Amino acid sequence: TGTYVEVPDEGQPAITTRWVYSLKDDGTRAKARLVARGFQDQDVDILDTASPTCTRTNIRLALCIMAMKGWTPQSIDIKTAFLQGKELDRVVHLRPPSKHYHGRKEVLWRLRKPVYGLGDAPRAWFESFSGFLLERKGKYTATDPAFLWWVNERGELVGLMCIHVDDTLFGGTLQFDVDVVQAVEKRFPVGKRSVGNFEFIGLRIQSVTVHGRLEVHVS
């Protein structure tokens with residue numbers, strides 16, 4: 001992913017790493033993630049770590065609008081999202097796991113992009129992802145930068161998207177799907193789409209059609 005380049009270890013300040021092991025949501029598949037010990041970052045006290053996430057109030061508002069428009073709610077999650085963030089504008093070195101370089105001269109990884117564990121990784125990811133959406137004519141809502149909307153050339157609303165870290169909730173026209181959602185799926189590694197009935201940040205979303213009209217229920 002172009003996340004780092006190898007450099008000789010010449011005594012530079014370096015952040016150590018550790019492996020974090022967990023189970024996926026279904027409880028049957030294990031996953032491992034290499035995480036930086038961000039508390040060792042020499043810039044930890046001055047980093048801008050603020051990263052917007054869509055509020056539950058605006059998520060419910062978005063779902064109401066989708067129901068009014070007849071747009072079935074959908075969701076996708078971005079895999080390894082923090083590794084897709086914008087490039088770092090500061091110098092950060094990581095010390096690789098000790099078993100990573102058997103029999104080789106000691107090296108460090110100079111990061112080009114943030115990794116999991118760094119304090120500014122969530123913000124870098126949000127700026128990268130939201131910037132991509134703005135390039136595709138998305139607009140921030142007035143009250144929430146993690147709640148975006150799209151209009152067509154006639155000024156008609158054609159799509160909405162809520163961002164919560166690496167999860168997205170969206171709905172819109174077929175053209176919105178082609179121009180925005182499918183562009184996201186091509187640009188970033190994503191999981192399988194959830195359509196109509198799914199959980200999103202703890203909210204259970206159910207979509208049903210009653211007498212030809214879409215109803216969206218949240219619990």
# chains A, B, ... in the order shown; residues from 1 in each chain; ligands from 1
call {"tool": "residues_around", "arguments": {"residues": "Ala32 of chain A", "least_positions_apart": "3", "cutoff": "8 Å", "atoms": "only C-alpha atoms", "output": "list in words"}}
result
Trp19, Val20, Tyr21 and Ser22 of chain A
call {"tool": "write_last_selection", "arguments": {"atoms": "N, CA, C and O atoms", "output": "short mmCIF file (atom, residue, chain, number, x, y, z; two decimals), in the first residue's frame"}}
result
data_model
loop_
_atom_site.label_atom_id
_atom_site.label_comp_id
_atom_site.auth_asym_id
_atom_site.auth_seq_id
_atom_site.Cartn_x
_atom_site.Cartn_y
_atom_site.Cartn_z
N TRP A 19 1.58 -6.92 17.85
CA TRP A 19 0.49 -7.58 17.14
C TRP A 19 -0.75 -7.62 18.03
O TRP A 19 -0.67 -7.91 19.23
N VAL A 20 -1.89 -7.33 17.44
CA VAL A 20 -3.17 -7.42 18.14
C VAL A 20 -4.00 -8.49 17.44
O VAL A 20 -4.21 -8.42 16.21
N TYR A 21 -4.47 -9.45 18.20
CA TYR A 21 -5.24 -10.56 17.64
C TYR A 21 -6.68 -10.46 18.12
O TYR A 21 -6.95 -10.14 19.28
N SER A 22 -7.62 -10.74 17.23
CA SER A 22 -9.04 -10.67 17.59
C SER A 22 -9.83 -11.58 16.66
O SER A 22 -9.29 -12.14 15.69
#
call {"tool": "residues_around", "arguments": {"residues": "segment 133-141 of chain A", "least_positions_apart": "2", "cutoff": "9 Å", "atoms": "only C-alpha atoms", "output": "number ranges by chain"}}
result
A: 128-131, 143-151, 159-160, 179-180, 183-184
call {"tool": "write_last_selection", "arguments": {"atoms": "N, CA and C atoms", "output": "short mmCIF file (atom, residue, chain, number, x, y, z; two decimals), in the first residue's frame"}}
result
data_model
loop_
_atom_site.label_atom_id
_atom_site.label_comp_id
_atom_site.auth_asym_id
_atom_site.auth_seq_id
_atom_site.Cartn_x
_atom_site.Cartn_y
_atom_site.Cartn_z
N SER A 128 -8.72 11.95 3.94
CA SER A 128 -8.52 11.27 2.66
C SER A 128 -9.86 10.86 2.05
N PHE A 129 -10.71 10.24 2.86
CA PHE A 129 -11.99 9.72 2.35
C PHE A 129 -12.95 10.84 2.01
N SER A 130 -13.10 11.81 2.90
CA SER A 130 -14.02 12.91 2.63
C SER A 130 -13.54 13.73 1.44
N GLY A 131 -12.22 13.87 1.30
CA GLY A 131 -11.69 14.58 0.14
C GLY A 131 -12.05 13.88 -1.16
N THR A 143 -24.19 21.25 9.52
CA THR A 143 -23.99 20.94 10.93
C THR A 143 -23.07 19.77 11.19
N ASP A 144 -22.68 19.02 10.14
CA ASP A 144 -21.96 17.77 10.37
C ASP A 144 -21.09 17.43 9.16
N PRO A 145 -19.76 17.57 9.26
CA PRO A 145 -18.89 17.27 8.12
C PRO A 145 -18.84 15.78 7.78
N ALA A 146 -19.37 14.92 8.66
CA ALA A 146 -19.41 13.50 8.36
C ALA A 146 -20.75 13.08 7.76
N PHE A 147 -21.57 14.07 7.39
CA PHE A 147 -22.87 13.84 6.74
C PHE A 147 -22.84 14.64 5.44
N LEU A 148 -22.76 13.93 4.31
CA LEU A 148 -22.61 14.59 3.01
C LEU A 148 -23.83 14.36 2.13
N TRP A 149 -24.04 15.30 1.18
CA TRP A 149 -25.17 15.20 0.27
C TRP A 149 -24.76 15.58 -1.14
N TRP A 150 -25.53 15.10 -2.10
CA TRP A 150 -25.25 15.34 -3.52
C TRP A 150 -26.53 15.83 -4.20
N VAL A 151 -26.38 16.76 -5.13
CA VAL A 151 -27.50 17.23 -5.94
C VAL A 151 -27.12 17.11 -7.40
N GLY A 159 -28.47 11.99 -3.44
CA GLY A 159 -27.79 11.02 -2.61
C GLY A 159 -27.33 11.59 -1.28
N LEU A 160 -27.18 10.70 -0.29
CA LEU A 160 -26.72 11.05 1.05
C LEU A 160 -25.72 10.01 1.51
N ASP A 179 -21.93 6.98 -9.85
CA ASP A 179 -20.95 8.07 -9.80
C ASP A 179 -20.16 8.11 -8.50
N VAL A 180 -20.78 7.71 -7.40
CA VAL A 180 -20.14 7.87 -6.09
C VAL A 180 -19.82 6.53 -5.44
N ALA A 183 -17.56 4.28 -7.36
CA ALA A 183 -16.23 4.89 -7.38
C ALA A 183 -15.49 4.59 -6.07
N VAL A 184 -16.21 4.63 -4.94
CA VAL A 184 -15.62 4.28 -3.66
C VAL A 184 -15.16 2.82 -3.67
#
call {"tool": "residues_around", "arguments": {"residues": "Ser75 of chain A", "least_positions_apart": "4", "cutoff": "8 Å", "atoms": "only C-alpha atoms", "output": "PyMOL selection string"}}
result
chain A and resi 167-170+193-195+200
call {"tool": "write_last_selection", "arguments": {"atoms": "N, CA, C and O atoms", "output": "PDB file, in the first residue's frame"}}
result
ATOM      1  N   ASP A 167     -17.005   2.979   8.510  1.00  0.00           N
ATOM      2  CA  ASP A 167     -18.322   2.501   8.080  1.00  0.00           C
ATOM      3  C   ASP A 167     -19.084   3.627   7.400  1.00  0.00           C
ATOM      4  O   ASP A 167     -19.016   4.789   7.822  1.00  0.00           O
ATOM      5  N   THR A 168     -19.827   3.297   6.355  1.00  0.00           N
ATOM      6  CA  THR A 168     -20.635   4.293   5.653  1.00  0.00           C
ATOM      7  C   THR A 168     -22.076   3.819   5.555  1.00  0.00           C
ATOM      8  O   THR A 168     -22.353   2.632   5.392  1.00  0.00           O
ATOM      9  N   LEU A 169     -22.991   4.760   5.664  1.00  0.00           N
ATOM     10  CA  LEU A 169     -24.417   4.542   5.461  1.00  0.00           C
ATOM     11  C   LEU A 169     -24.844   5.481   4.351  1.00  0.00           C
ATOM     12  O   LEU A 169     -24.538   6.674   4.395  1.00  0.00           O
ATOM     13  N   PHE A 170     -25.537   4.967   3.335  1.00  0.00           N
ATOM     14  CA  PHE A 170     -25.855   5.817   2.194  1.00  0.00           C
ATOM     15  C   PHE A 170     -27.145   5.356   1.515  1.00  0.00           C
ATOM     16  O   PHE A 170     -27.631   4.241   1.710  1.00  0.00           O
ATOM     17  N   ARG A 193     -21.498  -5.215   0.479  1.00  0.00           N
ATOM     18  CA  ARG A 193     -22.577  -4.251   0.771  1.00  0.00           C
ATOM     19  C   ARG A 193     -23.665  -4.893   1.619  1.00  0.00           C
ATOM     20  O   ARG A 193     -24.042  -6.043   1.427  1.00  0.00           O
ATOM     21  N   SER A 194     -24.191  -4.102   2.535  1.00  0.00           N
ATOM     22  CA  SER A 194     -25.401  -4.480   3.263  1.00  0.00           C
ATOM     23  C   SER A 194     -26.534  -3.631   2.716  1.00  0.00           C
ATOM     24  O   SER A 194     -26.391  -2.416   2.564  1.00  0.00           O
ATOM     25  N   VAL A 195     -27.661  -4.259   2.425  1.00  0.00           N
ATOM     26  CA  VAL A 195     -28.764  -3.557   1.766  1.00  0.00           C
ATOM     27  C   VAL A 195     -30.065  -3.811   2.516  1.00  0.00           C
ATOM     28  O   VAL A 195     -30.460  -4.966   2.739  1.00  0.00           O
ATOM     29  N   PHE A 200     -25.881  -0.789  11.947  1.00  0.00           N
ATOM     30  CA  PHE A 200     -24.924   0.278  11.682  1.00  0.00           C
ATOM     31  C   PHE A 200     -24.626   0.986  12.988  1.00  0.00           C
ATOM     32  O   PHE A 200     -25.523   1.566  13.599  1.00  0.00           O
TER      33      PHE A 200
END
call {"tool": "residues_around", "arguments": {"residues": "segment 78-90 of chain A", "least_positions_apart": "6", "cutoff": "9 Å", "atoms": "only C-alpha atoms", "output": "NGL selection string"}}
result
:A and (1 or 3 or 111-116 or 121-129 or 165-168 or 185 or 188-191)
call {"tool": "closest_residue", "arguments": {"among": "A:Ile76, A:Ala50, A:Val178, A:Val210", "to": "Lys192 of chain A", "atoms": "only C-alpha atoms"}}
result
A:Ile76
call {"tool": "residues_around", "arguments": {"residues": "segment 4-18 of chain A", "least_positions_apart": "5", "cutoff": "7 Å", "atoms": "only C-alpha atoms", "output": "list of chain:residue names"}}
result
A:Leu34, A:Val35, A:Ala36, A:Arg37, A:Gln40, A:Asp41, A:His93, A:Leu94, A:Arg95, A:Pro96, A:Pro97, A:Glu106, A:Val107, A:Leu108, A:Trp109, A:Arg110, A:Leu111, A:Arg112, A:Lys113
call {"tool": "select_by_dssp", "arguments": {"residues": "segment 15-177 of chain A", "states": "strand (DSSP E or B)", "output": "number ranges by chain"}}
result
A: 15, 17-23, 30-36, 74-78, 93-94, 107-111, 139-140, 147-151, 157-164, 167-172
call {"tool": "atom_distance", "arguments": {"atom1": "atom CA of Arg187 of chain A", "atom2": "atom CA of Ile163 of chain A"}}
result
16.3 Å
call {"tool": "closest_residue", "arguments": {"among": "A:Gln175, A:Gly119, A:Ser219, A:Val208", "to": "Asp45 of chain A", "atoms": "only C-alpha atoms"}}
result
A:Gly119
call {"tool": "atom_distance", "arguments": {"atom1": "atom CA of Asp120 of chain A", "atom2": "atom CA of Thr49 of chain A"}}
result
4.8 Å
call {"tool": "select_by_dssp", "arguments": {"residues": "segment 9-217 of chain A", "states": "helix (DSSP H, G or I)", "output": "PDB file with N, CA, C and O atoms, in the first residue's frame"}}
result
ATOM      1  N   GLY A  38       1.310   4.121  19.955  1.00  0.00           N
ATOM      2  CA  GLY A  38       1.220   5.549  19.705  1.00  0.00           C
ATOM      3  C   GLY A  38       1.629   6.418  20.871  1.00  0.00           C
ATOM      4  O   GLY A  38       2.042   7.575  20.675  1.00  0.00           O
ATOM      5  N   PHE A  39       1.557   5.893  22.091  1.00  0.00           N
ATOM      6  CA  PHE A  39       1.939   6.703  23.258  1.00  0.00           C
ATOM      7  C   PHE A  39       3.433   7.016  23.247  1.00  0.00           C
ATOM      8  O   PHE A  39       3.882   7.912  23.962  1.00  0.00           O
ATOM      9  N   GLN A  40       4.210   6.302  22.411  1.00  0.00           N
ATOM     10  CA  GLN A  40       5.639   6.572  22.311  1.00  0.00           C
ATOM     11  C   GLN A  40       5.956   7.655  21.281  1.00  0.00           C
ATOM     12  O   GLN A  40       7.107   8.063  21.136  1.00  0.00           O
ATOM     13  N   ARG A  56     -25.719  10.288  15.759  1.00  0.00           N
ATOM     14  CA  ARG A  56     -26.894   9.416  15.624  1.00  0.00           C
ATOM     15  C   ARG A  56     -28.121  10.221  15.193  1.00  0.00           C
ATOM     16  O   ARG A  56     -28.975   9.711  14.467  1.00  0.00           O
ATOM     17  N   THR A  57     -28.191  11.460  15.647  1.00  0.00           N
ATOM     18  CA  THR A  57     -29.316  12.299  15.227  1.00  0.00           C
ATOM     19  C   THR A  57     -29.319  12.477  13.720  1.00  0.00           C
ATOM     20  O   THR A  57     -30.368  12.357  13.062  1.00  0.00           O
ATOM     21  N   ASN A  58     -28.160  12.751  13.152  1.00  0.00           N
ATOM     22  CA  ASN A  58     -28.097  12.936  11.703  1.00  0.00           C
ATOM     23  C   ASN A  58     -28.233  11.626  10.945  1.00  0.00           C
ATOM     24  O   ASN A  58     -28.712  11.616   9.807  1.00  0.00           O
ATOM     25  N   ILE A  59     -27.822  10.532  11.553  1.00  0.00           N
ATOM     26  CA  ILE A  59     -28.053   9.224  10.928  1.00  0.00           C
ATOM     27  C   ILE A  59     -29.553   8.968  10.818  1.00  0.00           C
ATOM     28  O   ILE A  59     -30.056   8.542   9.771  1.00  0.00           O
ATOM     29  N   ARG A  60     -30.288   9.269  11.883  1.00  0.00           N
ATOM     30  CA  ARG A  60     -31.747   9.092  11.839  1.00  0.00           C
ATOM     31  C   ARG A  60     -32.388  10.049  10.833  1.00  0.00           C
ATOM     32  O   ARG A  60     -33.326   9.679  10.123  1.00  0.00           O
ATOM     33  N   LEU A  61     -31.864  11.275  10.758  1.00  0.00           N
ATOM     34  CA  LEU A  61     -32.369  12.217   9.772  1.00  0.00           C
ATOM     35  C   LEU A  61     -32.134  11.695   8.362  1.00  0.00           C
ATOM     36  O   LEU A  61     -33.028  11.754   7.509  1.00  0.00           O
ATOM     37  N   ALA A  62     -30.937  11.176   8.117  1.00  0.00           N
ATOM     38  CA  ALA A  62     -30.625  10.626   6.798  1.00  0.00           C
ATOM     39  C   ALA A  62     -31.572   9.485   6.442  1.00  0.00           C
ATOM     40  O   ALA A  62     -32.060   9.387   5.302  1.00  0.00           O
ATOM     41  N   LEU A  63     -31.854   8.622   7.408  1.00  0.00           N
ATOM     42  CA  LEU A  63     -32.759   7.499   7.154  1.00  0.00           C
ATOM     43  C   LEU A  63     -34.176   7.982   6.859  1.00  0.00           C
ATOM     44  O   LEU A  63     -34.875   7.408   6.011  1.00  0.00           O
ATOM     45  N   CYS A  64     -34.610   9.037   7.541  1.00  0.00           N
ATOM     46  CA  CYS A  64     -35.938   9.609   7.255  1.00  0.00           C
ATOM     47  C   CYS A  64     -36.009  10.123   5.822  1.00  0.00           C
ATOM     48  O   CYS A  64     -36.996   9.897   5.106  1.00  0.00           O
ATOM     49  N   ILE A  65     -34.966  10.821   5.399  1.00  0.00           N
ATOM     50  CA  ILE A  65     -34.944  11.353   4.034  1.00  0.00           C
ATOM     51  C   ILE A  65     -34.922  10.219   3.024  1.00  0.00           C
ATOM     52  O   ILE A  65     -35.618  10.272   1.994  1.00  0.00           O
ATOM     53  N   MET A  66     -34.144   9.168   3.300  1.00  0.00           N
ATOM     54  CA  MET A  66     -34.107   8.019   2.393  1.00  0.00           C
ATOM     55  C   MET A  66     -35.486   7.389   2.250  1.00  0.00           C
ATOM     56  O   MET A  66     -35.907   7.026   1.147  1.00  0.00           O
ATOM     57  N   ALA A  67     -36.191   7.259   3.373  1.00  0.00           N
ATOM     58  CA  ALA A  67     -37.530   6.683   3.316  1.00  0.00           C
ATOM     59  C   ALA A  67     -38.465   7.565   2.495  1.00  0.00           C
ATOM     60  O   ALA A  67     -39.249   7.069   1.676  1.00  0.00           O
ATOM     61  N   MET A  68     -38.385   8.875   2.683  1.00  0.00           N
ATOM     62  CA  MET A  68     -39.232   9.803   1.922  1.00  0.00           C
ATOM     63  C   MET A  68     -38.942   9.728   0.429  1.00  0.00           C
ATOM     64  O   MET A  68     -39.843   9.824  -0.403  1.00  0.00           O
ATOM     65  N   LYS A  69     -37.666   9.534   0.091  1.00  0.00           N
ATOM     66  CA  LYS A  69     -37.254   9.481  -1.309  1.00  0.00           C
ATOM     67  C   LYS A  69     -37.424   8.085  -1.925  1.00  0.00           C
ATOM     68  O   LYS A  69     -37.297   7.928  -3.144  1.00  0.00           O
ATOM     69  N   ALA A  81      -8.892   0.801   6.768  1.00  0.00           N
ATOM     70  CA  ALA A  81      -9.133   2.210   6.432  1.00  0.00           C
ATOM     71  C   ALA A  81      -7.975   3.115   6.835  1.00  0.00           C
ATOM     72  O   ALA A  81      -7.578   3.996   6.071  1.00  0.00           O
ATOM     73  N   PHE A  82      -7.413   2.906   8.023  1.00  0.00           N
ATOM     74  CA  PHE A  82      -6.390   3.831   8.498  1.00  0.00           C
ATOM     75  C   PHE A  82      -5.118   3.772   7.656  1.00  0.00           C
ATOM     76  O   PHE A  82      -4.301   4.695   7.687  1.00  0.00           O
ATOM     77  N   LEU A  83      -4.943   2.680   6.903  1.00  0.00           N
ATOM     78  CA  LEU A  83      -3.785   2.586   6.007  1.00  0.00           C
ATOM     79  C   LEU A  83      -4.043   3.309   4.692  1.00  0.00           C
ATOM     80  O   LEU A  83      -3.153   3.395   3.849  1.00  0.00           O
ATOM     81  N   GLN A  84      -5.260   3.828   4.508  1.00  0.00           N
ATOM     82  CA  GLN A  84      -5.626   4.539   3.276  1.00  0.00           C
ATOM     83  C   GLN A  84      -5.630   6.051   3.475  1.00  0.00           C
ATOM     84  O   GLN A  84      -6.104   6.797   2.628  1.00  0.00           O
ATOM     85  N   SER A  98      10.416  -7.861  16.098  1.00  0.00           N
ATOM     86  CA  SER A  98      11.773  -8.397  16.151  1.00  0.00           C
ATOM     87  C   SER A  98      11.960  -9.607  15.248  1.00  0.00           C
ATOM     88  O   SER A  98      13.059  -9.850  14.748  1.00  0.00           O
ATOM     89  N   LYS A  99      10.905 -10.365  15.001  1.00  0.00           N
ATOM     90  CA  LYS A  99      11.022 -11.571  14.188  1.00  0.00           C
ATOM     91  C   LYS A  99      10.863 -11.295  12.699  1.00  0.00           C
ATOM     92  O   LYS A  99      10.913 -12.195  11.879  1.00  0.00           O
ATOM     93  N   HIS A 100      10.669 -10.013  12.353  1.00  0.00           N
ATOM     94  CA  HIS A 100      10.369  -9.680  10.961  1.00  0.00           C
ATOM     95  C   HIS A 100      11.599  -9.744  10.069  1.00  0.00           C
ATOM     96  O   HIS A 100      11.490  -9.978   8.881  1.00  0.00           O
ATOM     97  N   TYR A 101      12.791  -9.548  10.648  1.00  0.00           N
ATOM     98  CA  TYR A 101      14.016  -9.466   9.838  1.00  0.00           C
ATOM     99  C   TYR A 101      15.077 -10.426  10.365  1.00  0.00           C
ATOM    100  O   TYR A 101      16.111 -10.029  10.853  1.00  0.00           O
ATOM    101  N   ALA A 121      -4.052   9.014  13.025  1.00  0.00           N
ATOM    102  CA  ALA A 121      -4.495   8.118  11.954  1.00  0.00           C
ATOM    103  C   ALA A 121      -5.983   8.290  11.620  1.00  0.00           C
ATOM    104  O   ALA A 121      -6.343   8.345  10.431  1.00  0.00           O
ATOM    105  N   PRO A 122      -6.897   8.394  12.610  1.00  0.00           N
ATOM    106  CA  PRO A 122      -8.310   8.567  12.255  1.00  0.00           C
ATOM    107  C   PRO A 122      -8.568   9.843  11.457  1.00  0.00           C
ATOM    108  O   PRO A 122      -9.347   9.830  10.499  1.00  0.00           O
ATOM    109  N   ARG A 123      -7.924  10.947  11.841  1.00  0.00           N
ATOM    110  CA  ARG A 123      -8.145  12.201  11.122  1.00  0.00           C
ATOM    111  C   ARG A 123      -7.594  12.119   9.693  1.00  0.00           C
ATOM    112  O   ARG A 123      -8.210  12.605   8.750  1.00  0.00           O
ATOM    113  N   ALA A 124      -6.407  11.509   9.552  1.00  0.00           N
ATOM    114  CA  ALA A 124      -5.821  11.383   8.218  1.00  0.00           C
ATOM    115  C   ALA A 124      -6.722  10.558   7.311  1.00  0.00           C
ATOM    116  O   ALA A 124      -6.878  10.862   6.120  1.00  0.00           O
ATOM    117  N   TRP A 125      -7.327   9.512   7.857  1.00  0.00           N
ATOM    118  CA  TRP A 125      -8.260   8.698   7.070  1.00  0.00           C
ATOM    119  C   TRP A 125      -9.493   9.514   6.688  1.00  0.00           C
ATOM    120  O   TRP A 125      -9.918   9.498   5.528  1.00  0.00           O
ATOM    121  N   PHE A 126     -10.071  10.246   7.640  1.00  0.00           N
ATOM    122  CA  PHE A 126     -11.267  11.028   7.329  1.00  0.00           C
ATOM    123  C   PHE A 126     -10.968  12.063   6.252  1.00  0.00           C
ATOM    124  O   PHE A 126     -11.771  12.251   5.326  1.00  0.00           O
ATOM    125  N   GLU A 127      -9.840  12.740   6.351  1.00  0.00           N
ATOM    126  CA  GLU A 127      -9.512  13.758   5.355  1.00  0.00           C
ATOM    127  C   GLU A 127      -9.304  13.136   3.975  1.00  0.00           C
ATOM    128  O   GLU A 127      -9.694  13.710   2.954  1.00  0.00           O
ATOM    129  N   SER A 128      -8.720  11.954   3.936  1.00  0.00           N
ATOM    130  CA  SER A 128      -8.522  11.272   2.659  1.00  0.00           C
ATOM    131  C   SER A 128      -9.862  10.859   2.055  1.00  0.00           C
ATOM    132  O   SER A 128     -10.132  11.112   0.875  1.00  0.00           O
ATOM    133  N   PHE A 129     -10.711  10.237   2.861  1.00  0.00           N
ATOM    134  CA  PHE A 129     -11.985   9.717   2.354  1.00  0.00           C
ATOM    135  C   PHE A 129     -12.951  10.842   2.011  1.00  0.00           C
ATOM    136  O   PHE A 129     -13.566  10.843   0.937  1.00  0.00           O
ATOM    137  N   SER A 130     -13.097  11.812   2.904  1.00  0.00           N
ATOM    138  CA  SER A 130     -14.024  12.911   2.626  1.00  0.00           C
ATOM    139  C   SER A 130     -13.539  13.732   1.440  1.00  0.00           C
ATOM    140  O   SER A 130     -14.342  14.214   0.636  1.00  0.00           O
ATOM    141  N   GLY A 131     -12.222  13.875   1.300  1.00  0.00           N
ATOM    142  CA  GLY A 131     -11.692  14.580   0.140  1.00  0.00           C
ATOM    143  C   GLY A 131     -12.048  13.880  -1.155  1.00  0.00           C
ATOM    144  O   GLY A 131     -12.375  14.535  -2.161  1.00  0.00           O
ATOM    145  N   PHE A 132     -11.995  12.557  -1.139  1.00  0.00           N
ATOM    146  CA  PHE A 132     -12.399  11.775  -2.314  1.00  0.00           C
ATOM    147  C   PHE A 132     -13.867  12.024  -2.656  1.00  0.00           C
ATOM    148  O   PHE A 132     -14.239  12.183  -3.826  1.00  0.00           O
ATOM    149  N   LEU A 133     -14.721  12.083  -1.623  1.00  0.00           N
ATOM    150  CA  LEU A 133     -16.146  12.312  -1.849  1.00  0.00           C
ATOM    151  C   LEU A 133     -16.408  13.736  -2.351  1.00  0.00           C
ATOM    152  O   LEU A 133     -17.283  13.947  -3.206  1.00  0.00           O
ATOM    153  N   LEU A 134     -15.668  14.700  -1.841  1.00  0.00           N
ATOM    154  CA  LEU A 134     -15.830  16.077  -2.318  1.00  0.00           C
ATOM    155  C   LEU A 134     -15.426  16.200  -3.784  1.00  0.00           C
ATOM    156  O   LEU A 134     -16.038  16.965  -4.537  1.00  0.00           O
ATOM    157  N   GLU A 135     -14.419  15.451  -4.193  1.00  0.00           N
ATOM    158  CA  GLU A 135     -14.019  15.458  -5.601  1.00  0.00           C
ATOM    159  C   GLU A 135     -15.135  14.930  -6.493  1.00  0.00           C
ATOM    160  O   GLU A 135     -15.204  15.274  -7.682  1.00  0.00           O
ATOM    161  N   LEU A 174     -29.897   5.711  -8.764  1.00  0.00           N
ATOM    162  CA  LEU A 174     -29.003   4.796  -9.469  1.00  0.00           C
ATOM    163  C   LEU A 174     -27.770   5.529  -9.982  1.00  0.00           C
ATOM    164  O   LEU A 174     -26.653   4.993  -9.953  1.00  0.00           O
ATOM    165  N   GLN A 175     -27.947   6.762 -10.428  1.00  0.00           N
ATOM    166  CA  GLN A 175     -26.811   7.521 -10.928  1.00  0.00           C
ATOM    167  C   GLN A 175     -25.838   7.856  -9.797  1.00  0.00           C
ATOM    168  O   GLN A 175     -24.620   7.837  -9.981  1.00  0.00           O
ATOM    169  N   PHE A 176     -26.372   8.156  -8.624  1.00  0.00           N
ATOM    170  CA  PHE A 176     -25.520   8.375  -7.450  1.00  0.00           C
ATOM    171  C   PHE A 176     -24.708   7.125  -7.148  1.00  0.00           C
ATOM    172  O   PHE A 176     -23.512   7.204  -6.839  1.00  0.00           O
ATOM    173  N   ASP A 177     -25.346   5.981  -7.261  1.00  0.00           N
ATOM    174  CA  ASP A 177     -24.647   4.724  -7.016  1.00  0.00           C
ATOM    175  C   ASP A 177     -23.474   4.562  -7.976  1.00  0.00           C
ATOM    176  O   ASP A 177     -22.362   4.205  -7.581  1.00  0.00           O
ATOM    177  N   VAL A 178     -23.723   4.851  -9.241  1.00  0.00           N
ATOM    178  CA  VAL A 178     -22.670   4.706 -10.257  1.00  0.00           C
ATOM    179  C   VAL A 178     -21.556   5.725 -10.041  1.00  0.00           C
ATOM    180  O   VAL A 178     -20.366   5.382 -10.047  1.00  0.00           O
ATOM    181  N   ASP A 179     -21.933   6.983  -9.855  1.00  0.00           N
ATOM    182  CA  ASP A 179     -20.951   8.067  -9.805  1.00  0.00           C
ATOM    183  C   ASP A 179     -20.155   8.110  -8.502  1.00  0.00           C
ATOM    184  O   ASP A 179     -18.987   8.516  -8.501  1.00  0.00           O
ATOM    185  N   VAL A 180     -20.781   7.715  -7.400  1.00  0.00           N
ATOM    186  CA  VAL A 180     -20.139   7.874  -6.093  1.00  0.00           C
ATOM    187  C   VAL A 180     -19.821   6.527  -5.436  1.00  0.00           C
ATOM    188  O   VAL A 180     -18.663   6.228  -5.142  1.00  0.00           O
ATOM    189  N   VAL A 181     -20.846   5.718  -5.210  1.00  0.00           N
ATOM    190  CA  VAL A 181     -20.642   4.493  -4.438  1.00  0.00           C
ATOM    191  C   VAL A 181     -19.714   3.520  -5.171  1.00  0.00           C
ATOM    192  O   VAL A 181     -18.775   2.975  -4.586  1.00  0.00           O
ATOM    193  N   GLN A 182     -19.967   3.316  -6.447  1.00  0.00           N
ATOM    194  CA  GLN A 182     -19.110   2.392  -7.191  1.00  0.00           C
ATOM    195  C   GLN A 182     -17.697   2.948  -7.337  1.00  0.00           C
ATOM    196  O   GLN A 182     -16.722   2.191  -7.410  1.00  0.00           O
ATOM    197  N   ALA A 183     -17.563   4.277  -7.361  1.00  0.00           N
ATOM    198  CA  ALA A 183     -16.228   4.887  -7.380  1.00  0.00           C
ATOM    199  C   ALA A 183     -15.490   4.587  -6.074  1.00  0.00           C
ATOM    200  O   ALA A 183     -14.282   4.323  -6.079  1.00  0.00           O
ATOM    201  N   VAL A 184     -16.215   4.635  -4.944  1.00  0.00           N
ATOM    202  CA  VAL A 184     -15.622   4.283  -3.657  1.00  0.00           C
ATOM    203  C   VAL A 184     -15.163   2.825  -3.674  1.00  0.00           C
ATOM    204  O   VAL A 184     -14.054   2.500  -3.227  1.00  0.00           O
ATOM    205  N   GLU A 185     -16.010   1.952  -4.202  1.00  0.00           N
ATOM    206  CA  GLU A 185     -15.676   0.526  -4.229  1.00  0.00           C
ATOM    207  C   GLU A 185     -14.465   0.231  -5.107  1.00  0.00           C
ATOM    208  O   GLU A 185     -13.738  -0.732  -4.854  1.00  0.00           O
ATOM    209  N   LYS A 186     -14.254   1.045  -6.118  1.00  0.00           N
ATOM    210  CA  LYS A 186     -13.080   0.855  -6.980  1.00  0.00           C
ATOM    211  C   LYS A 186     -11.820   1.439  -6.360  1.00  0.00           C
ATOM    212  O   LYS A 186     -10.725   0.907  -6.551  1.00  0.00           O
ATOM    213  N   ARG A 187     -11.978   2.525  -5.626  1.00  0.00           N
ATOM    214  CA  ARG A 187     -10.814   3.232  -5.076  1.00  0.00           C
ATOM    215  C   ARG A 187     -10.288   2.598  -3.790  1.00  0.00           C
ATOM    216  O   ARG A 187      -9.080   2.555  -3.541  1.00  0.00           O
TER     217      ARG A 187
END
